[in-house]
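Colleague: Here you go, start.cif (mmCIF, C-alpha atoms):
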```
data_structure
loop_
_atom_site.label_atom_id
_atom_site.label_comp_id
_atom_site.auth_asym_id
_atom_site.auth_seq_id
_atom_site.Cartn_x
_atom_site.Cartn_y
_atom_site.Cartn_z
CA MET A 1 81.28 8.28 71.35
CA LEU A 2 81.39 9.29 75.00
CA HIS A 3 78.87 12.01 75.81
CA VAL A 4 80.29 13.69 78.90
CA VAL A 5 78.91 16.64 80.85
CA HIS A 6 81.41 19.20 82.11
CA HIS A 7 81.43 22.83 83.20
CA ALA A 8 84.19 25.27 84.11
CA ASP A 9 82.53 25.79 87.51
CA TYR A 10 83.29 22.16 88.41
CA MET A 11 86.76 23.46 89.27
CA ALA A 12 85.83 25.90 92.02
CA PRO A 13 88.76 27.65 93.74
CA ARG A 14 89.89 25.47 96.62
CA PRO A 15 88.42 26.65 99.96
CA THR A 16 90.85 27.91 102.57
CA ARG A 17 89.72 25.19 104.99
CA GLY A 18 89.01 21.50 104.51
CA SER A 19 90.94 18.51 103.18
CA PHE A 20 88.96 17.78 100.00
CA LYS A 21 90.97 18.05 96.78
CA PHE A 22 89.22 19.48 93.72
CA ASP A 23 92.14 18.87 91.36
CA LYS A 24 90.79 15.65 89.89
CA TYR A 25 87.89 17.38 88.15
CA TYR A 26 90.05 19.11 85.56
CA LEU A 27 92.48 16.18 85.46
CA VAL A 28 89.64 13.83 84.49
CA MET A 29 88.87 16.00 81.48
CA GLU A 30 92.57 16.20 80.59
CA GLU A 31 92.72 12.40 80.63
CA LEU A 32 89.60 12.11 78.46
CA ARG A 33 90.75 14.73 75.96
CA GLY A 34 94.17 13.13 75.71
CA SER A 35 92.85 9.59 75.32
CA GLY A 36 92.28 9.79 71.58
CA ALA A 37 88.74 8.51 72.11
CA ALA A 38 85.73 10.17 70.50
CA ILE A 39 84.14 12.41 73.13
CA MET A 40 81.52 15.11 72.96
CA GLU A 41 81.37 17.62 75.81
CA HIS A 42 78.12 19.16 77.00
CA ALA A 43 77.80 22.10 79.42
CA PRO A 44 74.95 21.98 81.96
CA ASP A 45 72.73 24.74 83.24
CA PRO A 46 72.67 25.26 87.01
CA MET A 47 70.07 23.15 88.80
CA PRO A 48 66.92 25.27 89.38
CA ARG A 49 66.33 26.21 92.98
CA ASP A 50 62.82 24.78 93.14
CA TRP A 51 64.09 21.39 91.92
CA LEU A 52 66.56 21.37 94.81
CA GLU A 53 63.87 22.45 97.28
CA ALA A 54 61.66 19.57 96.16
CA VAL A 55 64.18 17.22 97.83
CA HIS A 56 66.14 19.36 100.29
CA ASP A 57 64.88 21.53 103.15
CA PRO A 58 64.27 25.02 101.67
CA GLN A 59 66.00 26.57 104.69
CA TYR A 60 69.14 24.56 103.95
CA VAL A 61 68.94 25.50 100.25
CA GLU A 62 68.77 29.15 101.30
CA GLU A 63 71.83 28.69 103.52
CA VAL A 64 73.78 27.35 100.54
CA PHE A 65 72.49 29.94 98.07
CA SER A 66 73.40 32.79 100.44
CA ALA A 67 76.74 31.11 101.31
CA GLN A 68 75.79 31.23 105.00
CA VAL A 69 75.87 27.56 105.92
CA PRO A 70 76.31 27.14 109.70
CA HIS A 71 79.77 26.03 110.76
CA ALA A 72 78.47 22.75 112.18
CA LYS A 73 77.05 21.82 108.78
CA GLU A 74 80.22 22.93 107.00
CA ARG A 75 82.15 20.66 109.33
CA ARG A 76 79.94 17.73 108.28
CA ILE A 77 80.45 18.63 104.62
CA GLY A 78 84.22 18.89 105.00
CA PHE A 79 84.80 22.38 103.59
CA PRO A 80 83.24 25.88 103.81
CA VAL A 81 80.41 26.63 101.38
CA THR A 82 81.56 29.75 99.57
CA GLU A 83 79.85 31.49 96.67
CA HIS A 84 82.15 29.57 94.33
CA ILE A 85 81.13 26.27 95.94
CA ARG A 86 77.46 27.26 95.65
CA ASP A 87 77.87 27.86 91.92
CA ARG A 88 79.82 24.63 91.58
CA VAL A 89 77.21 22.40 93.24
CA ARG A 90 74.39 23.98 91.26
CA HIS A 91 76.24 23.09 88.07
CA THR A 92 77.29 19.59 89.17
CA ASN A 93 73.67 18.86 90.07
CA GLY A 94 72.55 20.27 86.74
CA GLY A 95 75.20 18.04 85.17
CA THR A 96 73.61 14.85 86.45
CA TRP A 97 70.26 16.04 85.12
CA LEU A 98 71.78 16.78 81.70
CA ALA A 99 73.56 13.39 81.70
CA ALA A 100 70.16 11.76 82.21
CA GLN A 101 68.69 13.63 79.24
CA LEU A 102 71.66 12.66 77.06
CA ALA A 103 71.47 9.04 78.19
CA MET A 104 67.85 8.81 77.12
CA GLU A 105 68.98 9.93 73.67
CA HIS A 106 72.24 7.98 73.33
CA GLY A 107 71.91 5.06 75.76
CA TYR A 108 74.70 6.21 78.07
CA ALA A 109 76.13 9.53 79.22
CA ALA A 110 78.43 10.60 82.04
CA ASN A 111 78.66 13.53 84.38
CA SER A 112 82.34 14.33 85.01
CA ALA A 113 81.53 15.32 88.60
CA ALA A 114 78.81 14.84 91.25
CA GLY A 115 77.57 11.61 92.76
CA SER A 116 77.01 13.48 96.03
CA HIS A 117 75.30 10.57 97.75
CA HIS A 118 75.94 11.59 101.39
CA ALA A 119 73.95 14.86 101.28
CA LEU A 120 70.83 14.70 103.46
CA GLY A 121 67.63 16.71 103.52
CA ASP A 122 68.76 19.55 105.78
CA THR A 123 72.53 19.31 105.58
CA GLY A 124 75.44 18.18 103.50
CA ALA A 125 77.93 15.57 104.63
CA GLY A 126 81.02 13.69 103.47
CA TYR A 127 82.12 16.26 100.84
CA CYS A 128 78.55 16.41 99.46
CA VAL A 129 76.37 19.57 99.50
CA PHE A 130 73.25 18.72 97.44
CA ASN A 131 72.29 15.16 96.46
CA ASP A 132 72.27 15.25 92.67
CA LEU A 133 71.16 11.60 92.37
CA ALA A 134 68.07 12.17 94.50
CA VAL A 135 67.25 15.55 92.92
CA ALA A 136 67.57 14.30 89.34
CA THR A 137 65.62 11.13 90.15
CA ASN A 138 62.81 13.11 91.72
CA ARG A 139 62.63 15.42 88.69
CA LEU A 140 62.62 12.58 86.16
CA LEU A 141 59.67 11.02 87.95
CA ALA A 142 57.85 14.32 88.56
CA GLN A 143 57.79 15.32 84.92
CA GLY A 144 57.09 11.82 83.57
CA ASP A 145 60.46 11.12 81.91
CA ALA A 146 60.53 7.88 83.89
CA ALA A 147 58.05 5.87 85.92
CA ARG A 148 60.55 3.76 87.91
CA VAL A 149 64.20 4.63 88.56
CA LEU A 150 66.97 2.34 89.76
CA ILE A 151 69.99 3.91 91.46
CA VAL A 152 73.01 1.61 91.42
CA ASP A 153 75.55 2.92 93.92
CA LEU A 154 78.91 1.15 93.68
CA ASP A 155 80.94 3.75 95.53
CA VAL A 156 83.02 2.20 98.34
CA HIS A 157 80.91 4.19 100.83
CA GLN A 158 77.23 3.51 101.39
CA GLY A 159 74.88 5.96 99.69
CA ASP A 160 73.23 6.92 102.97
CA GLY A 161 71.93 10.31 101.87
CA THR A 162 70.32 8.94 98.72
CA ALA A 163 68.76 6.08 100.66
CA SER A 164 67.34 8.46 103.28
CA LEU A 165 65.99 11.05 100.85
CA LEU A 166 64.23 8.45 98.69
CA ALA A 167 63.16 6.02 101.41
CA GLY A 168 59.66 4.60 101.11
CA ARG A 169 59.15 5.47 97.45
CA GLU A 170 57.78 2.59 95.44
CA ASP A 171 58.98 4.19 92.19
CA VAL A 172 62.66 4.23 93.24
CA PHE A 173 65.00 1.35 94.07
CA THR A 174 68.31 2.17 95.77
CA LEU A 175 71.01 -0.52 95.54
CA SER A 176 74.23 0.14 97.47
CA VAL A 177 77.25 -2.18 97.26
CA HIS A 178 79.91 -0.86 99.63
CA ALA A 179 82.60 -1.70 102.17
CA GLU A 180 80.61 -2.58 105.28
CA LYS A 181 83.16 -1.18 107.76
CA ASN A 182 83.73 2.09 105.90
CA PHE A 183 82.08 5.51 106.25
CA PRO A 184 79.38 6.20 107.28
CA VAL A 185 79.58 4.41 110.60
CA ARG A 186 75.82 4.62 111.01
CA LYS A 187 74.31 3.28 107.79
CA ALA A 188 70.95 4.25 106.35
CA ARG A 189 68.66 1.62 104.85
CA SER A 190 68.74 1.37 101.07
CA THR A 191 66.18 -0.76 99.29
CA LEU A 192 69.01 -3.30 99.14
CA ASP A 193 72.38 -2.98 100.89
CA ILE A 194 75.28 -5.30 100.13
CA GLY A 195 78.05 -4.73 102.67
CA LEU A 196 81.34 -6.29 101.59
CA PRO A 197 84.18 -7.34 103.91
CA ASP A 198 87.50 -5.50 103.88
CA GLY A 199 89.85 -6.65 101.15
CA THR A 200 87.20 -7.93 98.74
CA ASP A 201 88.95 -8.43 95.39
CA ASP A 202 87.80 -8.39 91.76
CA ASP A 203 86.37 -11.91 91.84
CA GLY A 204 84.54 -11.47 95.14
CA TYR A 205 83.12 -8.13 94.07
CA MET A 206 81.87 -9.39 90.72
CA GLU A 207 80.37 -12.46 92.36
CA ALA A 208 78.27 -10.22 94.61
CA LEU A 209 77.31 -7.88 91.78
CA ASP A 210 76.37 -10.71 89.43
CA LYS A 211 74.25 -12.29 92.16
CA HIS A 212 72.19 -9.20 92.88
CA LEU A 213 72.11 -6.64 90.04
CA PRO A 214 70.38 -8.74 87.32
CA ARG A 215 67.80 -9.93 89.84
CA VAL A 216 67.11 -6.37 91.01
CA ILE A 217 66.65 -5.10 87.46
CA ASP A 218 64.33 -7.93 86.51
CA SER A 219 62.21 -7.77 89.66
CA PHE A 220 61.94 -3.99 89.99
CA ALA A 221 61.65 -3.38 86.22
CA PRO A 222 62.97 0.19 86.10
CA ASP A 223 62.87 2.30 82.98
CA PHE A 224 65.97 4.37 83.83
CA VAL A 225 69.24 3.76 85.70
CA PHE A 226 71.46 6.20 87.56
CA TYR A 227 74.89 4.79 88.30
CA GLN A 228 77.18 6.08 91.05
CA ALA A 229 80.49 5.00 89.50
CA GLY A 230 82.94 5.77 92.28
CA VAL A 231 86.45 4.40 91.76
CA ASP A 232 87.24 4.28 95.48
CA PRO A 233 86.86 0.46 95.69
CA HIS A 234 90.33 0.45 94.08
CA VAL A 235 93.04 -1.31 96.07
CA GLU A 236 95.18 1.84 96.17
CA ASP A 237 92.40 4.26 97.15
CA LYS A 238 93.23 6.37 100.20
CA LEU A 239 89.74 6.08 101.72
CA GLY A 240 88.70 2.65 100.45
CA ARG A 241 88.90 -0.73 102.17
CA LEU A 242 88.36 -2.96 99.14
CA ALA A 243 90.92 -4.36 96.70
CA LEU A 244 89.72 -3.94 93.11
CA THR A 245 92.28 -3.52 90.34
CA ASP A 246 92.03 -1.20 87.34
CA GLU A 247 90.77 -4.18 85.33
CA GLY A 248 88.24 -5.05 88.04
CA LEU A 249 86.79 -1.54 88.04
CA MET A 250 86.35 -1.58 84.28
CA GLN A 251 84.80 -5.06 84.43
CA ARG A 252 82.36 -3.76 87.04
CA ASP A 253 81.44 -0.71 84.95
CA ARG A 254 80.97 -2.69 81.75
CA PHE A 255 78.77 -5.15 83.62
CA VAL A 256 76.44 -2.42 84.89
CA VAL A 257 76.02 -0.88 81.44
CA ARG A 258 75.65 -4.29 79.79
CA GLU A 259 72.93 -5.45 82.20
CA ALA A 260 71.01 -2.22 81.64
CA ARG A 261 71.47 -1.84 77.90
CA GLN A 262 70.59 -5.44 77.04
CA ARG A 263 67.23 -4.71 78.67
CA GLY A 264 66.83 -1.48 76.72
CA LEU A 265 67.54 0.79 79.71
CA ALA A 266 69.45 4.07 79.50
CA VAL A 267 72.24 4.71 82.03
CA ALA A 268 73.57 8.03 83.34
CA SER A 269 76.67 7.87 85.51
CA ALA A 270 77.97 10.28 88.13
CA LEU A 271 81.65 10.46 89.02
CA GLY A 272 81.51 9.52 92.69
CA GLY A 273 84.47 8.97 94.99
CA GLY A 274 88.13 8.40 94.29
CA TYR A 275 90.90 9.56 96.61
CA GLY A 276 94.68 9.49 96.72
CA GLU A 277 97.82 11.59 96.91
CA ASP A 278 98.38 11.14 93.15
CA GLN A 279 95.36 12.96 91.78
CA ARG A 280 96.26 12.17 88.17
CA ALA A 281 96.19 8.44 88.92
CA VAL A 282 92.72 8.85 90.45
CA ALA A 283 91.57 10.93 87.48
CA ALA A 284 92.85 8.27 85.09
CA ARG A 285 90.70 5.65 86.85
CA HIS A 286 87.63 7.84 86.42
CA ALA A 287 88.43 8.45 82.76
CA ARG A 288 88.96 4.75 82.04
CA SER A 289 85.66 4.04 83.78
CA MET A 290 83.69 6.41 81.55
CA LEU A 291 85.42 5.28 78.38
CA ALA A 292 84.78 1.60 79.20
CA MET A 293 81.08 2.31 79.76
CA ALA A 294 80.83 4.30 76.53
CA GLU A 295 82.47 1.45 74.62
CA GLU A 296 80.08 -1.08 76.15
CA ASN A 297 77.15 1.14 75.24
CA THR A 298 78.39 1.36 71.64
CA LEU A 299 78.59 -2.43 71.40
CA TRP A 300 75.00 -2.82 72.55
CA SER A 301 73.75 0.02 70.36
CA GLN A 302 75.39 -1.56 67.31
CA ALA A 303 73.89 -4.93 68.19
CA ALA A 304 70.45 -3.33 68.53
CA ASP A 305 70.83 -1.64 65.13
CA GLN A 306 71.79 -4.95 63.55
CA ARG A 307 68.78 -6.68 65.06
CA ALA A 308 66.50 -3.91 63.85
CA SER A 309 67.85 -4.20 60.32
CA GLY A 310 67.43 -7.99 60.31
CA ARG A 311 71.14 -8.71 59.94
CA VAL A 312 71.24 -10.92 63.04
#
```
As structure tokens, how would this structure be written, given the file I've shared?

Modeller:
Amino acid sequence: MLHVVHHADYMAPRPTRGSFKFDKYYLVMEELRGSGAAIMEHAPDPMPRDWLEAVHDPQYVEEVFSAQVPHAKERRIGFPVTEHIRDRVRHTNGGTWLAAQLAMEHGYAANSAAGSHHALGDTGAGYCVFNDLAVATNRLLAQGDAARVLIVDLDVHQGDGTASLLAGREDVFTLSVHAEKNFPVRKARSTLDIGLPDGTDDDGYMEALDKHLPRVIDSFAPDFVFYQAGVDPHVEDKLGRLALTDEGLMQRDRFVVREARQRGLAVASALGGGYGEDQRAVAARHARSMLAMAEENTLWSQAADQRASGRV
């Protein structure tokens, strides 16, 4: 069973300016619903304003809520922040929070949007308005749902906003594995950054991930994992510089869930990046990613049940 968070507001009307395409968000759900897999959809509440203001500058939050974001900030974001966009980002942020709650119950859950890892304290950037990963992490820790949170960011672009917003916190570990020469040009400092050379393929990627992720989990000892599951490391991605195949992406996603679940850790994933002229092909990559992670979670849940019953 894939527990996936989705809301009608994820498909905000396309702004009149900007190059970002919102089509993939309904196409992802079409792919999931047409897959024949067992899925359960959950609708999130909008992220409360005070939760956003605990991470973002309240003045910036007000600019978004009133749909009066200065043009310079809208230019950094990549599209104008309309009232529809405001409602969308409140729900996508709420979606990552709900995915975390569902993951703690079921082992794994996915948000069918978000992963807005470029948003900074006082501005958005790179198609990101509010940083759902940082906001949800801060809330989990603030209300005692977790004591230590690991954020695994495997988007092709470095999670600079997440790294900046959570810098210096001993209860958060940010791991970013990205294309070194890709956006952003000026990188932030994650707890651990792994910059990969252009053209890194499935084998090279998995070698780097296998070298670092298990060690990070064991040394940091988190009790919850957020996973930025961008599919833009794909060889055909319009904005990527890496060379993963469909099989490589699914191998990567299964590995992340497996490493977490075999240590008893829950995982909530956010959609992250994925770009191309064929939006349905991009959506299909996202859908396969979520289904592969749900299947891996089921395998580990069944194994845990068998151990508990003394059958193995």

Colleague: For Val149 (chain A), which of A:Gly126, A:Leu32, A:Tyr10, A:Asp223 is the closest residue, counting all atoms listed in the file?

Modeller: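 The closest residue to Val149 (chain A) is A:Asp223.
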
Colleague: Using only C-alpha atoms, find the one residue out of A:Asp45, A:Glu63, A:Glu170, A:Asp201 that sits nearest to Pro233 (chain A).

Modeller: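 Among A:Asp45, A:Glu63, A:Glu170, A:Asp201, it is A:Asp201 that comes nearest to Pro233 (chain A).
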
Colleague: How close does each residue of region 60-171 of chain A get to region 202-210 of chain A, giving the shortest atom pair and distance in Å to one decimal for every residue with an atom at most 12 Å away, counting all atoms listed in the file, sorted by chain and residue number, as a tab-separated table?

Modeller:
```
residue	atom	partner	partner_atom	distance
A:Val152	CA	A:Leu209	CA	10.4
A:Asp153	CA	A:Leu209	CA	11.1
A:Leu154	CA	A:Leu209	CA	9.4
A:Val156	CA	A:Tyr205	CA	11.2
```

Colleague: Calculate how many Å separate CA of Ala38 (chain A) from CA of Leu2 (chain A), rounding to one decimal.

Modeller: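 Atom-to-atom, CA of Ala38 (chain A) to CA of Leu2 (chain A), that is 6.3 Å.
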
Colleague: Convert the output of the PyMOL selection byres ((chain A and resi 25) around 9) on the shown file into explicit residues, formatted as a compact mmCIF listing (two decimals) with C-alpha atoms, keeping the file's coordinate frame.

Modeller:
```txt
# COMPACT_ATOMS: atom_id res chain seq x y z
CA TYR A 10 83.29 22.16 88.41
CA MET A 11 86.76 23.46 89.27
CA PHE A 22 89.22 19.48 93.72
CA ASP A 23 92.14 18.87 91.36
CA LYS A 24 90.79 15.65 89.89
CA TYR A 26 90.05 19.11 85.56
CA LEU A 27 92.48 16.18 85.46
CA VAL A 28 89.64 13.83 84.49
CA MET A 29 88.87 16.00 81.48
CA GLU A 30 92.57 16.20 80.59
CA SER A 112 82.34 14.33 85.01
CA ALA A 113 81.53 15.32 88.60
CA ALA A 283 91.57 10.93 87.48
```

Colleague: Find the residues around Leu291 (chain A) up to 9 Å (only C-alpha atoms counted), leave out those fewer than 2 positions away in its own chain, and share them as number ranges by chain.

Modeller: A: 1-2, 32, 37, 39, 286-289, 293-296

Colleague: Residue by residue, what does the PyMOL selection byres ((chain A and resi 118) around 6) grab here? Present the result as a list in words.

Modeller: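 The output of the PyMOL selection byres ((chain A and resi 118) around 6) on this file is Ser116, His117, Ala119, Ala125, Gly126, Cys128, Gly159, Asp160 and Gly161 of chain A.
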
Colleague: Which is closest to Ala134 (chain A) among A:Arg261, A:His56, A:Arg49, A:Arg280, if we use only C-alpha atoms?

Modeller: A:His56

Colleague: When distances are computed from all atoms listed in the file, which of A:Phe130, A:Phe255, A:Tyr108, A:Phe224 shows the smallest separation from Thr298 (chain A)?

Modeller: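 The shortest atom-to-atom distance to Thr298 (chain A) comes from A:Tyr108.
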
Colleague: Report the residues retrieved by the PyMOL selection byres ((chain A and resi 69-77) around 7) from the displayed file, expressed as a list in words.

Modeller: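 Answer for the PyMOL selection byres ((chain A and resi 69-77) around 7): Glu63, Val64, Ala67, Gln68, Gly78, Phe79, Pro80, Val81, Thr123, Gly124, Ala125, Gly126, Tyr127, Cys128 and Val129 of chain A.
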